[in-house]
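Reviewing the structure listed below.
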Amino acid sequence: MMVTTTQILIVAAILSNAIVFGTDAFSAIVVRPALAYVSEDVLVRTMGHIHLYGDKRLSLPGTIGSLLALGAAVTAGISGNGAAAVAAAVAVVVLLVWLAVFMRSVAPINKALTTAAMGGAPISDARARQAVSDGVLPILVACQGAALVALSVAGALS
């Protein structure tokens, strides 16, 4: 029974975190280079509105995915499957790194862009701020990718 529970948690964690991984990867591969060709005003309005929805809506699958990964690590450990528990725990740690990088580097920029796009305080250095956000995208993609690999390994071992 615990093995089945662990496997269900792992599959659900993979699906939840894949949403965030796909969004980060799309941003790195498509959005970032496309923004190089728009004016700063368009950048602010576009990214501000994207973050208005994205930051609210993507927090749910990200949070659920992290909690499911933690649940998988715990249930694998309880069932005596140390290898699967460690793999799932690695995913949890990498997801916490993702969260720390996002909250420290990206979230404040997203909030400023959203505020400006909604008619709040204007930003004179939007392109520079977006460059900082873009600069951490490879880290975010790598963290999400590593978490998905770790969860897949945990699934294979369970």
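Please note that chains go A, B, ... in the order of the structure tokens, that every chain numbers its residues from 1, and that ligands are numbered from 1 in the order shown.
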Subject >> alpha helix (DSSP H) call set, DSSP backbone run, range 5-109 of chain A, as a VMD selection string >> reply: chain A and resid 5 to 26 32 to 35 40 to 57 59 to 78 82 to 101 107 to 109
Subject >> Contacts of Ala116 in chain A within 9 Å, only C-alpha atoms, excl. fewer than 4 positions in-chain, as number ranges by chain >> reply: A: 44-45, 48, 111-112, 120-123
Subject >> Residue contacts of range 75-83 of chain A (12 Å, only C-alpha atoms) excluding same-chain residues fewer than 6 positions away, as a ChimeraX atom specification >> reply: /A:1-10,68-69,89-90,150-151,153-158
Subject >> Counting only C-alpha atoms, the residue of A:Val92, A:Met103, A:Leu58, A:Ile14 that sits nearest Val74 in chain A >> reply: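 For Val74 in chain A, the nearest of the given residues is A:Val92.
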**OP:** List the neighbours of range 137-144 of chain A out to 12 Å using only C-alpha atoms; skip same-chain residues closer than 5 positions along the sequence, and give me the result as a PyMOL selection string.
**Re:** chain A and resi 13-32+62+65-66+90-103+105-106+130-132+149-151
Original post:
Interatomic distance between CA of His51 in chain A and CA of Ile109 in chain A?
Top reply: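 So the two atoms, CA of His51 in chain A and CA of Ile109 in chain A, lie 9.7 Å apart.
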Subject >> Atomic separation - CA of Ala126 in chain A relative to CA of Asp41 in chain A, Å >> reply: 8.5 Å
Subject >> For Pro108 in chain A, the nearest of the candidates A:Leu52, A:Arg127, A:Val11, A:Ser133, counting only C-alpha atoms >> reply: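 Closest residue, counting only C-alpha atoms: A:Ser133.
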